[in-house]
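Quick look at data15.cif (mmCIF, C-alpha atoms):
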data_run
loop_
_atom_site.label_atom_id
_atom_site.label_comp_id
_atom_site.auth_asym_id
_atom_site.auth_seq_id
_atom_site.Cartn_x
_atom_site.Cartn_y
_atom_site.Cartn_z
CA MET R 1 -20.89 4.10 -18.48
CA PRO R 2 -19.47 2.09 -21.39
CA ASP R 3 -21.73 -0.71 -22.45
CA ASP R 4 -19.81 -2.20 -25.39
CA SER R 5 -17.95 -4.60 -23.07
CA GLY R 6 -21.19 -6.19 -21.92
CA ALA R 7 -20.04 -5.91 -18.30
CA LEU R 8 -22.82 -3.61 -17.23
CA ARG R 9 -26.12 -2.28 -18.48
CA ALA R 10 -27.67 1.00 -17.39
CA ARG R 11 -30.83 0.93 -15.34
CA GLN R 12 -33.87 3.17 -15.20
CA ARG R 13 -34.05 5.45 -12.16
CA THR R 14 -37.68 6.51 -11.80
CA GLY R 15 -39.57 4.59 -9.13
CA THR R 16 -37.36 1.50 -9.27
CA GLY R 17 -35.07 1.83 -6.27
CA ILE R 18 -31.97 2.05 -8.36
CA GLY R 19 -28.79 3.39 -6.70
CA LEU R 20 -26.92 6.57 -7.37
CA LEU R 21 -25.62 6.55 -10.94
CA LEU R 22 -23.90 3.28 -11.65
CA VAL R 23 -22.17 5.34 -14.32
CA LEU R 24 -20.08 6.55 -11.40
CA VAL R 25 -18.38 3.22 -10.94
CA LEU R 26 -15.85 3.98 -13.64
CA GLY R 27 -12.89 5.85 -12.15
CA ALA R 28 -9.56 7.22 -13.24
CA ALA R 29 -6.82 5.37 -15.02
CA LEU R 30 -4.14 8.08 -14.85
CA LEU R 31 -4.52 11.72 -13.80
CA ILE R 32 -3.14 14.64 -15.77
CA ALA R 33 -1.14 17.63 -14.53
CA LEU R 34 -2.19 21.16 -15.36
CA PRO R 35 0.05 24.23 -15.11
CA GLY R 36 -0.67 27.12 -12.79
CA ASP R 37 0.80 29.30 -10.09
CA ASP R 38 -2.25 30.15 -7.96
CA ARG R 39 -2.46 27.01 -5.86
CA PRO R 40 -2.40 26.58 -2.10
CA ALA R 41 0.85 25.30 -0.66
CA GLY R 42 -0.89 23.27 2.05
CA ASP R 43 0.18 23.03 5.68
CA GLY R 44 3.02 20.59 6.23
CA ALA R 45 5.13 18.77 3.72
CA CYS R 46 3.52 17.20 0.67
CA ARG R 47 4.57 13.62 0.14
CA ALA R 48 3.40 10.80 -2.07
CA LEU R 49 0.73 8.81 -0.21
CA THR R 50 -1.17 5.65 -0.97
CA VAL R 51 -3.22 3.03 0.83
CA GLY R 52 -0.81 1.24 3.14
CA SER R 53 -3.31 -1.23 4.58
CA TRP R 54 -7.05 -1.70 4.88
CA LYS R 55 -9.64 -3.95 6.47
CA ALA R 56 -13.41 -4.27 6.45
CA ASP R 57 -15.12 -2.18 9.14
CA ASP R 58 -17.72 -4.76 10.12
CA GLY R 59 -18.99 -2.70 13.06
CA LEU R 60 -20.15 0.27 11.00
CA THR R 61 -21.57 -1.94 8.27
CA ALA R 62 -23.51 -3.91 10.89
CA GLU R 63 -24.87 -0.72 12.48
CA PHE R 64 -26.53 0.34 9.23
CA ALA R 65 -27.90 -3.18 8.82
CA ARG R 66 -29.29 -3.09 12.37
CA TYR R 67 -30.99 0.24 11.85
CA GLY R 68 -32.31 -0.63 8.40
CA ASP R 69 -33.77 -3.93 9.62
CA ASP R 70 -35.45 -2.42 12.71
CA ALA R 71 -39.19 -2.90 12.25
CA GLY R 72 -40.16 -0.56 15.10
CA ARG R 73 -41.02 2.28 12.70
CA THR R 74 -42.44 2.35 9.19
CA ASP R 75 -41.21 5.82 8.13
CA ASP R 76 -37.48 5.41 8.61
CA TRP R 77 -34.49 4.59 6.41
CA THR R 78 -34.16 0.97 5.27
CA GLY R 79 -31.65 1.43 2.44
CA GLY R 80 -30.06 4.05 0.23
CA ASP R 81 -26.96 5.24 -1.59
CA GLY R 82 -24.97 8.42 -2.10
CA THR R 83 -23.53 8.15 1.44
CA HIS R 84 -22.14 11.39 2.96
CA SER R 85 -21.60 12.44 6.57
CA VAL R 86 -21.01 15.60 8.60
CA ARG R 87 -20.46 15.99 12.35
CA LEU R 88 -22.72 18.50 14.10
CA PRO R 89 -21.51 20.79 16.92
CA ASP R 90 -23.34 18.73 19.58
CA GLY R 91 -21.46 15.58 18.54
CA ARG R 92 -24.18 13.95 16.45
CA VAL R 93 -23.37 12.80 12.92
CA LEU R 94 -25.78 13.66 10.11
CA TRP R 95 -25.81 11.04 7.33
CA LEU R 96 -27.13 12.14 3.95
CA PHE R 97 -28.41 9.76 1.27
CA SER R 98 -29.69 10.06 -2.27
CA ASP R 99 -32.38 7.61 -3.48
CA THR R 100 -33.77 5.95 -0.37
CA TYR R 101 -36.19 3.21 0.63
CA LEU R 102 -38.32 3.85 3.70
CA GLY R 103 -41.08 1.56 4.97
CA ARG R 104 -40.94 -1.79 6.72
CA VAL R 105 -38.40 -4.60 6.55
CA TYR R 106 -39.39 -8.19 7.30
CA GLY R 107 -37.14 -10.79 8.82
CA PRO R 108 -35.94 -13.85 6.91
CA PRO R 109 -36.82 -16.02 5.19
CA ASN R 110 -38.00 -13.97 2.25
CA PRO R 111 -40.92 -15.11 0.04
CA HIS R 112 -38.43 -17.11 -2.03
CA GLY R 113 -37.34 -19.11 1.02
CA GLU R 114 -33.94 -17.40 1.17
CA SER R 115 -32.31 -16.28 4.42
CA TYR R 116 -32.52 -12.56 3.61
CA ALA R 117 -34.42 -9.76 5.29
CA TRP R 118 -36.79 -8.30 2.70
CA ARG R 119 -39.30 -5.54 1.90
CA ASP R 120 -42.45 -5.43 -0.21
CA ALA R 121 -41.58 -5.08 -3.89
CA GLY R 122 -43.90 -2.08 -4.20
CA THR R 123 -42.18 -0.08 -1.45
CA PRO R 124 -41.87 3.54 -2.65
CA LEU R 125 -38.59 5.36 -3.16
CA VAL R 126 -37.79 8.91 -2.07
CA ARG R 127 -35.10 10.99 -3.75
CA ASN R 128 -33.16 11.85 -0.57
CA SER R 129 -33.05 11.29 3.16
CA ALA R 130 -31.06 12.08 6.31
CA VAL R 131 -30.34 9.89 9.34
CA LEU R 132 -28.92 10.96 12.70
CA MET R 133 -26.26 9.06 14.62
CA ARG R 134 -25.26 9.61 18.24
CA ASP R 135 -22.27 7.94 19.89
CA GLY R 136 -21.91 5.51 17.02
CA ARG R 137 -25.57 4.43 17.03
CA LEU R 138 -28.14 5.44 14.41
CA GLU R 139 -31.15 7.00 16.13
CA SER R 140 -33.69 8.50 13.76
CA THR R 141 -34.62 9.47 10.22
CA LEU R 142 -35.58 13.05 9.45
CA PRO R 143 -38.86 13.52 7.55
CA ALA R 144 -38.16 12.45 3.99
CA PRO R 145 -37.53 13.69 1.44
CA LEU R 146 -35.55 16.37 3.25
CA PHE R 147 -35.14 18.36 0.03
CA ALA R 148 -38.29 18.54 -2.09
CA ASP R 149 -38.21 18.26 -5.87
CA PRO R 150 -37.56 21.71 -7.37
CA ALA R 151 -39.98 21.19 -10.29
CA PRO R 152 -41.89 18.41 -12.05
CA ASN R 153 -39.52 15.78 -13.46
CA GLN R 154 -36.62 17.18 -11.44
CA TRP R 155 -35.07 15.98 -8.20
CA ARG R 156 -32.34 16.82 -5.71
CA TRP R 157 -29.55 14.54 -4.56
CA PRO R 158 -27.57 15.71 -1.50
CA VAL R 159 -23.83 15.28 -1.67
CA ALA R 160 -21.13 16.74 0.59
CA ALA R 161 -21.94 18.93 3.61
CA ARG R 162 -20.16 20.94 6.27
CA VAL R 163 -20.86 23.08 9.32
CA GLU R 164 -19.74 26.66 8.77
CA PRO R 165 -20.48 30.22 9.95
CA ARG R 166 -23.77 31.59 8.68
CA SER R 167 -21.69 34.27 6.94
CA PRO R 168 -17.97 35.04 6.99
CA GLY R 169 -17.00 36.09 10.51
CA SER R 170 -20.36 35.17 12.07
CA SER R 171 -20.41 33.33 15.41
CA GLU R 172 -23.63 31.52 14.45
CA ARG R 173 -23.16 28.21 12.67
CA VAL R 174 -25.38 26.38 10.20
CA VAL R 175 -25.18 23.21 8.11
CA ARG R 176 -24.56 23.71 4.42
CA VAL R 177 -25.47 20.83 2.10
CA LEU R 178 -24.47 20.70 -1.57
CA LEU R 179 -27.28 19.47 -3.84
CA TRP R 180 -27.25 18.10 -7.36
CA VAL R 181 -30.33 18.95 -9.43
CA ARG R 182 -31.13 16.58 -12.28
CA THR R 183 -33.94 16.56 -14.81
CA ALA R 184 -35.59 13.46 -16.24
CA GLY R 185 -34.22 12.69 -19.67
CA GLN R 186 -34.16 10.19 -22.49
CA PRO R 187 -31.30 7.77 -23.19
CA PRO R 188 -28.43 8.15 -22.73
CA TRP R 189 -29.53 10.39 -19.84
CA ILE R 190 -31.51 7.75 -17.98
CA TYR R 191 -29.85 8.94 -14.75
CA GLY R 192 -31.18 12.45 -15.33
CA VAL R 193 -29.71 15.41 -17.17
CA PRO R 194 -27.26 17.47 -15.05
CA THR R 195 -29.05 20.75 -14.33
CA ALA R 196 -27.61 22.78 -11.43
CA THR R 197 -25.60 22.83 -8.22
CA GLU R 198 -27.42 24.22 -5.19
CA VAL R 199 -26.58 24.83 -1.54
CA ALA R 200 -29.13 24.18 1.20
CA THR R 201 -28.90 25.81 4.63
CA LEU R 202 -30.08 23.87 7.70
CA SER R 203 -30.48 25.47 11.11
CA LEU R 204 -28.67 24.24 14.22
CA PRO R 205 -29.41 22.37 16.33
CA GLY R 206 -32.88 21.70 14.89
CA LEU R 207 -31.84 20.96 11.27
CA ARG R 208 -34.74 22.95 9.88
CA LEU R 209 -34.42 23.65 6.16
CA GLU R 210 -34.09 27.44 5.89
CA SER R 211 -33.22 28.02 2.25
CA ILE R 212 -31.88 26.56 -0.99
CA THR R 213 -29.68 28.71 -3.21
CA GLU R 214 -28.61 27.95 -6.75
CA VAL R 215 -24.88 28.53 -7.14
CA LEU R 216 -24.19 27.18 -10.64
CA ASP R 217 -26.88 26.84 -13.32
CA GLN R 218 -25.79 24.46 -16.08
CA ARG R 219 -28.83 24.76 -18.33
CA PRO R 220 -27.08 27.29 -20.62
CA VAL R 221 -24.47 24.60 -21.45
CA ALA R 222 -26.00 23.01 -24.53
CA ASP R 223 -24.17 19.68 -24.36
CA PRO R 224 -25.31 17.87 -21.18
CA SER R 225 -22.10 15.83 -21.14
CA ARG R 226 -20.16 19.04 -20.54
CA ARG R 227 -22.25 20.23 -17.63
CA VAL R 228 -20.48 20.24 -14.26
CA LEU R 229 -22.09 19.49 -10.90
CA PHE R 230 -20.05 20.38 -7.80
CA GLY R 231 -20.08 18.87 -4.33
CA THR R 232 -19.06 15.23 -4.53
CA THR R 233 -16.49 16.05 -1.83
CA LEU R 234 -15.25 19.01 0.23
CA VAL R 235 -11.83 19.75 1.73
CA GLU R 236 -11.06 22.63 4.10
CA GLU R 237 -7.75 24.48 4.14
CA GLY R 238 -6.55 27.92 5.15
CA GLY R 239 -9.90 29.69 5.34
CA TRP R 240 -11.15 28.10 2.10
CA THR R 241 -13.51 25.26 1.35
CA TYR R 242 -12.40 23.41 -1.78
CA VAL R 243 -15.33 21.85 -3.61
CA PHE R 244 -14.77 19.10 -6.17
CA GLY R 245 -17.15 18.09 -8.93
CA GLY R 246 -17.44 16.29 -12.23
CA ASP R 247 -19.20 16.09 -15.55
CA ASP R 248 -20.95 13.04 -17.01
CA GLY R 249 -19.06 11.02 -19.59
CA ARG R 250 -21.41 9.76 -22.30
CA PRO R 251 -20.87 6.03 -22.83
CA ALA R 252 -20.06 6.03 -26.54
CA ALA R 253 -17.98 9.18 -26.93
CA ARG R 254 -16.51 9.82 -23.47
CA PRO R 255 -16.65 6.88 -21.08
CA VAL R 256 -15.09 8.60 -18.06
CA SER R 257 -15.62 11.98 -16.44
CA HIS R 258 -13.42 15.01 -15.91
CA ALA R 259 -12.86 16.32 -12.39
CA TYR R 260 -13.12 20.01 -11.50
CA ALA R 261 -12.34 22.15 -8.47
CA ALA R 262 -13.80 25.32 -6.99
CA ARG R 263 -13.12 27.19 -3.76
CA VAL R 264 -15.25 29.32 -1.46
CA PRO R 265 -14.27 31.43 1.58
CA LYS R 266 -15.27 29.95 4.93
CA GLY R 267 -18.90 30.86 5.64
CA ALA R 268 -19.82 31.67 2.04
CA LEU R 269 -20.89 28.38 0.45
CA ALA R 270 -24.42 29.74 -0.05
CA ASP R 271 -23.17 32.92 -1.79
CA PRO R 272 -22.85 32.29 -5.55
CA ALA R 273 -20.73 35.43 -5.96
CA ALA R 274 -18.11 34.06 -3.55
CA TRP R 275 -17.36 30.92 -5.58
CA GLN R 276 -14.12 30.76 -7.55
CA TYR R 277 -13.40 28.10 -10.17
CA TRP R 278 -10.12 26.68 -11.39
CA SER R 279 -9.62 28.10 -14.89
CA GLY R 280 -6.54 26.08 -15.75
CA SER R 281 -4.12 28.66 -14.37
CA ALA R 282 -5.94 30.57 -11.57
CA TRP R 283 -9.00 30.67 -9.30
CA VAL R 284 -11.48 33.02 -10.96
CA PRO R 285 -15.16 33.89 -10.45
CA ARG R 286 -17.93 33.04 -12.87
CA ALA R 287 -15.70 31.40 -15.43
CA ARG R 288 -16.23 28.17 -17.30
CA PRO R 289 -14.43 25.65 -15.04
CA ARG R 290 -11.48 23.79 -16.53
CA PRO R 291 -10.71 20.20 -15.55
CA VAL R 292 -8.05 19.52 -12.95
CA LEU R 293 -7.75 15.96 -14.25
CA GLY R 294 -9.07 13.70 -16.98
CA ASP R 295 -9.02 13.41 -20.76
CA GLY R 296 -12.42 11.71 -21.11
CA GLN R 297 -10.95 8.52 -22.51
CA ARG R 298 -8.27 6.65 -20.55
CA LYS R 299 -7.88 9.32 -17.87
CA GLY R 300 -10.69 10.47 -15.62
CA VAL R 301 -12.82 9.79 -12.56
CA GLY R 302 -16.32 8.75 -11.70
CA SER R 303 -18.50 11.71 -10.76
CA ALA R 304 -18.73 10.39 -7.20
CA PHE R 305 -15.18 10.44 -5.89
CA SER R 306 -13.75 11.59 -2.57
CA VAL R 307 -10.75 13.71 -1.53
CA VAL R 308 -9.10 14.04 1.89
CA ARG R 309 -6.10 16.06 3.07
CA ASP R 310 -3.26 14.58 5.11
CA GLY R 311 -0.80 17.33 6.04
CA GLY R 312 0.19 18.92 2.73
CA THR R 313 -1.04 16.00 0.63
CA TYR R 314 -4.43 15.57 -1.01
CA VAL R 315 -5.53 11.96 -1.53
CA LEU R 316 -8.32 11.07 -3.96
CA PHE R 317 -10.36 7.85 -3.94
CA THR R 318 -12.41 6.69 -6.92
CA MET R 319 -13.41 3.46 -8.59
CA ALA R 320 -10.69 2.08 -10.84
CA ALA R 321 -10.83 2.41 -14.62
CA GLY R 322 -12.28 -0.25 -16.88
CA PRO R 323 -14.00 -3.45 -15.74
CA LYS R 324 -12.21 -3.24 -12.37
CA GLY R 325 -14.39 -0.20 -11.68
CA LEU R 326 -17.17 -2.58 -10.63
CA THR R 327 -15.15 -3.90 -7.70
CA THR R 328 -11.93 -1.95 -7.13
CA VAL R 329 -11.05 1.37 -5.49
CA ALA R 330 -8.01 3.34 -6.71
CA SER R 331 -6.11 6.12 -4.93
CA TYR R 332 -4.21 9.16 -6.25
CA TRP R 333 -2.34 12.03 -4.61
CA ALA R 334 -1.49 15.69 -5.25
CA CYS R 335 0.03 18.66 -3.47
CA SER R 336 -2.93 20.97 -4.20
CA PRO R 337 -6.59 20.65 -5.20
CA ALA R 338 -5.73 21.77 -8.73
CA GLY R 339 -3.04 19.12 -9.10
CA PRO R 340 -0.92 17.86 -10.65
CA TRP R 341 -2.37 14.52 -9.58
CA HIS R 342 -0.30 11.34 -9.51
CA GLY R 343 -1.41 7.74 -9.62
CA PRO R 344 -2.94 5.32 -9.35
CA ALA R 345 -0.72 4.61 -6.37
CA LYS R 346 -2.58 1.52 -5.12
CA GLU R 347 -5.86 -0.28 -5.70
CA PHE R 348 -7.89 -2.54 -3.43
CA SER R 349 -11.12 -4.52 -3.70
CA PRO R 350 -13.40 -4.28 -0.67
CA PRO R 351 -15.83 -7.10 0.24
CA LEU R 352 -18.98 -7.46 -1.85
CA PRO R 353 -22.03 -9.67 -1.35
CA GLN R 354 -22.55 -12.51 -3.76
CA GLY R 355 -24.55 -11.95 -6.92
CA GLN R 356 -24.53 -9.54 -9.84
CA VAL R 357 -23.54 -6.50 -7.81
CA ALA R 358 -21.14 -3.57 -8.10
CA ALA R 359 -19.43 -1.20 -5.72
CA TYR R 360 -19.48 2.56 -6.40
CA ASN R 361 -19.28 6.00 -4.78
CA PRO R 362 -16.26 5.60 -2.43
CA GLN R 363 -16.59 8.32 0.19
CA ALA R 364 -14.19 9.20 3.00
CA HIS R 365 -15.65 10.01 6.43
CA PRO R 366 -13.12 12.07 8.41
CA VAL R 367 -15.74 12.59 11.14
CA LEU R 368 -15.39 8.91 12.07
CA SER R 369 -11.65 8.71 11.48
CA GLY R 370 -8.68 9.32 13.75
CA ALA R 371 -5.38 8.00 15.10
CA GLY R 372 -4.10 7.46 11.58
CA ARG R 373 -7.19 5.51 10.54
CA LEU R 374 -9.45 6.69 7.70
CA VAL R 375 -13.02 5.37 7.30
CA LEU R 376 -14.24 4.92 3.74
CA SER R 377 -17.73 3.86 2.65
CA TYR R 378 -18.84 2.39 -0.65
CA ASP R 379 -22.32 1.78 -2.00
CA VAL R 380 -23.57 -1.51 -3.44
CA ASN R 381 -26.22 -2.08 -6.09
CA TRP R 382 -27.56 -4.70 -8.47
CA LEU R 383 -26.10 -4.57 -11.96
CA GLU R 384 -28.81 -5.61 -14.37
CA MET R 385 -31.74 -3.39 -15.34
CA THR R 386 -34.21 -6.25 -15.57
CA GLY R 387 -35.59 -7.07 -12.14
CA ALA R 388 -33.25 -4.74 -10.26
CA ALA R 389 -35.92 -3.31 -7.96
CA ALA R 390 -37.15 -6.78 -7.14
CA GLN R 391 -33.63 -7.90 -6.24
CA LEU R 392 -33.12 -4.92 -3.93
CA SER R 393 -36.35 -5.78 -2.11
CA ARG R 394 -35.67 -9.51 -2.11
CA ASN R 395 -32.41 -8.89 -0.22
CA VAL R 396 -32.43 -5.51 1.55
CA SER R 397 -28.75 -5.74 2.51
CA LEU R 398 -27.72 -5.02 -1.10
CA TYR R 399 -28.68 -1.35 -1.17
CA ARG R 400 -26.83 -0.13 1.91
CA PRO R 401 -23.38 1.36 2.52
CA ARG R 402 -20.46 -0.81 3.52
CA PHE R 403 -17.31 0.41 5.23
CA VAL R 404 -13.59 -0.18 5.35
CA SER R 405 -10.88 1.34 7.56
CA LEU R 406 -7.57 2.12 5.95
CA ARG R 407 -4.21 3.62 6.75
CA LEU R 408 -2.21 5.80 4.40
CA ALA R 409 1.50 5.22 3.85
CA ALA R 410 4.28 6.60 1.70
CA ALA R 411 3.93 5.55 -1.92
CA ARG R 412 6.88 3.50 -3.18
#

Let me see whether you can do it: turn the structure in this file into structure tokens.
Amino acid sequence: MPDDSGALRARQRTGTGIGLLLVLVLGAALLIALPGDDRPAGDGACRALTVGSWKADDGLTAEFARYGDDAGRTDDWTGGDGTHSVRLPDGRVLWLFSDTYLGRVYGPPNPHGESYAWRDAGTPLVRNSAVLMRDGRLESTLPAPLFADPAPNQWRWPVAARVEPRSPGSSERVVRVLLWVRTAGQPPWIYGVPTATEVATLSLPGLRLESITEVLDQRPVADPSRRVLFGTTLVEEGGWTYVFGGDDGRPAARPVSHAYAARVPKGALADPAAWQYWSGSAWVPRARPRPVLGDGQRKGVGSAFSVVRDGGTYVLFTMAAGPKGLTTVASYWACSPAGPWHGPAKEFSPPLPQGQVAAYNPQAHPVLSGAGRLVLSYDVNWLEMTGAAAQLSRNVSLYRPRFVSLRLAAAR
């Protein structure tokens, strides 16, 4: 994240309760088109789409506040970021989070006399968690962390997930979860050095972790800023799962990230040999991925962006470019995962609590959407490095997802 503007300073991750990569708050300014003739046509007509209207989804936001503030258990979720969701075959929704606070929350006032629910400042942080929802109500937290650290000074962050056949053509279904592996590093890699993309397999209905498979090792890429992690969002179409990812823009030389696309046949997410990457002109196996958008300067996305499909149109949500990226979500559209992408078509600024906070990681949740309404979450975190963990414990509502509902409309 650029720091020469003075708008934002990076914060240390280890043991401090910091949210998922505030570097991700910087989104695209404009998106570039790339040539190619091996792109899916989509089902239905492709048309320019943008955000027609939106409003805060107070009900969903309040449900996470209710669950997080419940003092009935001391081993459940009380706050986290990196919000992703997947609907299970029995109707439950599995919510996946990256860095997470467990433990106990105390009712207001806090020790400073403020009317905030709070937690002990020394409450430990786990690298990932999962929470189950049934009929719109959060029920329970799975034992955390769900995905253990792969090695000392490394950790796993879950990103997008889907239910798919255990193998192509199989009648048995499992949950596949994309994981980002990062390794502790020195500045500017205080968020961790990008290391690998993995896929975890969870059983159904018990959600037992069966295996974790590495699908793309990035350690051979010498420059960490050019390493690509996949899984920030998934889109299904025509027997394929399209998997989007990004690299990490280094603040001084490349302030925004490139976006990339891969595709995998249905049922084969956990098979590294089945993955195909956009090369700039075709989907090919085991090639160095080429960006589908971004020039690393004025054009690009945050690593945590989201893509949905509406008929033949793909719509991308990311934080806006520049200082607006602390508060404002932008939208873009394309007729295929590989682009060309067009936009920004419209921007909007969802509600934020008072204080030195930022929004980041806009994620669409089709499992909760319908009737022309799309649910989008965004994470909230404290901006300054100094005292960040104390602020997140002083007011536990800061480090939880918030939601908006929006409707897409033709772009003018």

From R:Ala117, R:Val199, R:Pro224, R:Pro401, residue lying nearest Gly185 (chain R) [all atoms listed in the file]:
R:Pro224

For Val284 (chain R), work out the shell of residues within 12 Å, counting only C-alpha atoms and skipping chain neighbours fewer than 2 positions away, then give it as a PDB file with C-alpha atoms, in the coordinates of the input.
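File written: part38.pdb
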ATOM      1  CA  ASP R  38      -2.250  30.150  -7.960  1.00  0.00           C
ATOM      2  CA  ARG R  39      -2.460  27.010  -5.860  1.00  0.00           C
ATOM      3  CA  ALA R 261     -12.340  22.150  -8.470  1.00  0.00           C
ATOM      4  CA  ALA R 262     -13.800  25.320  -6.990  1.00  0.00           C
ATOM      5  CA  ARG R 263     -13.120  27.190  -3.760  1.00  0.00           C
ATOM      6  CA  VAL R 264     -15.250  29.320  -1.460  1.00  0.00           C
ATOM      7  CA  ALA R 273     -20.730  35.430  -5.960  1.00  0.00           C
ATOM      8  CA  ALA R 274     -18.110  34.060  -3.550  1.00  0.00           C
ATOM      9  CA  TRP R 275     -17.360  30.920  -5.580  1.00  0.00           C
ATOM     10  CA  GLN R 276     -14.120  30.760  -7.550  1.00  0.00           C
ATOM     11  CA  TYR R 277     -13.400  28.100 -10.170  1.00  0.00           C
ATOM     12  CA  TRP R 278     -10.120  26.680 -11.390  1.00  0.00           C
ATOM     13  CA  SER R 279      -9.620  28.100 -14.890  1.00  0.00           C
ATOM     14  CA  GLY R 280      -6.540  26.080 -15.750  1.00  0.00           C
ATOM     15  CA  SER R 281      -4.120  28.660 -14.370  1.00  0.00           C
ATOM     16  CA  ALA R 282      -5.940  30.570 -11.570  1.00  0.00           C
ATOM     17  CA  ARG R 286     -17.930  33.040 -12.870  1.00  0.00           C
ATOM     18  CA  ALA R 287     -15.700  31.400 -15.430  1.00  0.00           C
ATOM     19  CA  ARG R 288     -16.230  28.170 -17.300  1.00  0.00           C
ATOM     20  CA  PRO R 289     -14.430  25.650 -15.040  1.00  0.00           C
ATOM     21  CA  ARG R 290     -11.480  23.790 -16.530  1.00  0.00           C
TER      22      ARG R 290
END

Please write as a ChimeraX atom specification the full residue list that the PyMOL selection byres ((chain R and resi 150-154) around 9) yields on this file.
/R:147-149,155-156,181-185,192,195

Leaving out Pro350 (chain R) and any residue of its chain fewer than 2 positions from it, which residues lie within 10 Å of it when counting all atoms listed in the file, given as a list in words?
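In the requested form, the answer reads Trp54, Lys55, Ala56, Thr327, Thr328, Val329, Glu347, Phe348, Leu352, Ala359, Ser377, Tyr378, Arg402, Phe403 and Val404 of chain R.
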
Spatial neighbours of Val308 (chain R), max dist 8 Å, only C-alpha atoms, sep filter under 6 positions, as a VMD selection string:
chain R and resid 235 314 to 316 364 366

Which residues match the PyMOL selection byres ((chain R and resi 50) around 6) in the file above, as a list of chain:residue names?
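On the file shown, the PyMOL selection byres ((chain R and resi 50) around 6) covers R:Leu49, R:Val51, R:Ala345, R:Leu408, R:Ala409, R:Ala411.
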
Residue nearest Gly322 (chain R) among R:Ala304, R:Arg127, R:Asp135, R:Val256 (counting all atoms listed in the file):
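Comparing R:Ala304, R:Arg127, R:Asp135, R:Val256 against Gly322 (chain R), the winner is R:Val256.
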
Which is closest to Thr123 (chain R) among R:Pro340, R:Gly325, R:Gly103, R:Gly372, if we use only C-alpha atoms?
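Smallest separation from Thr123 (chain R) among the options: R:Gly103.
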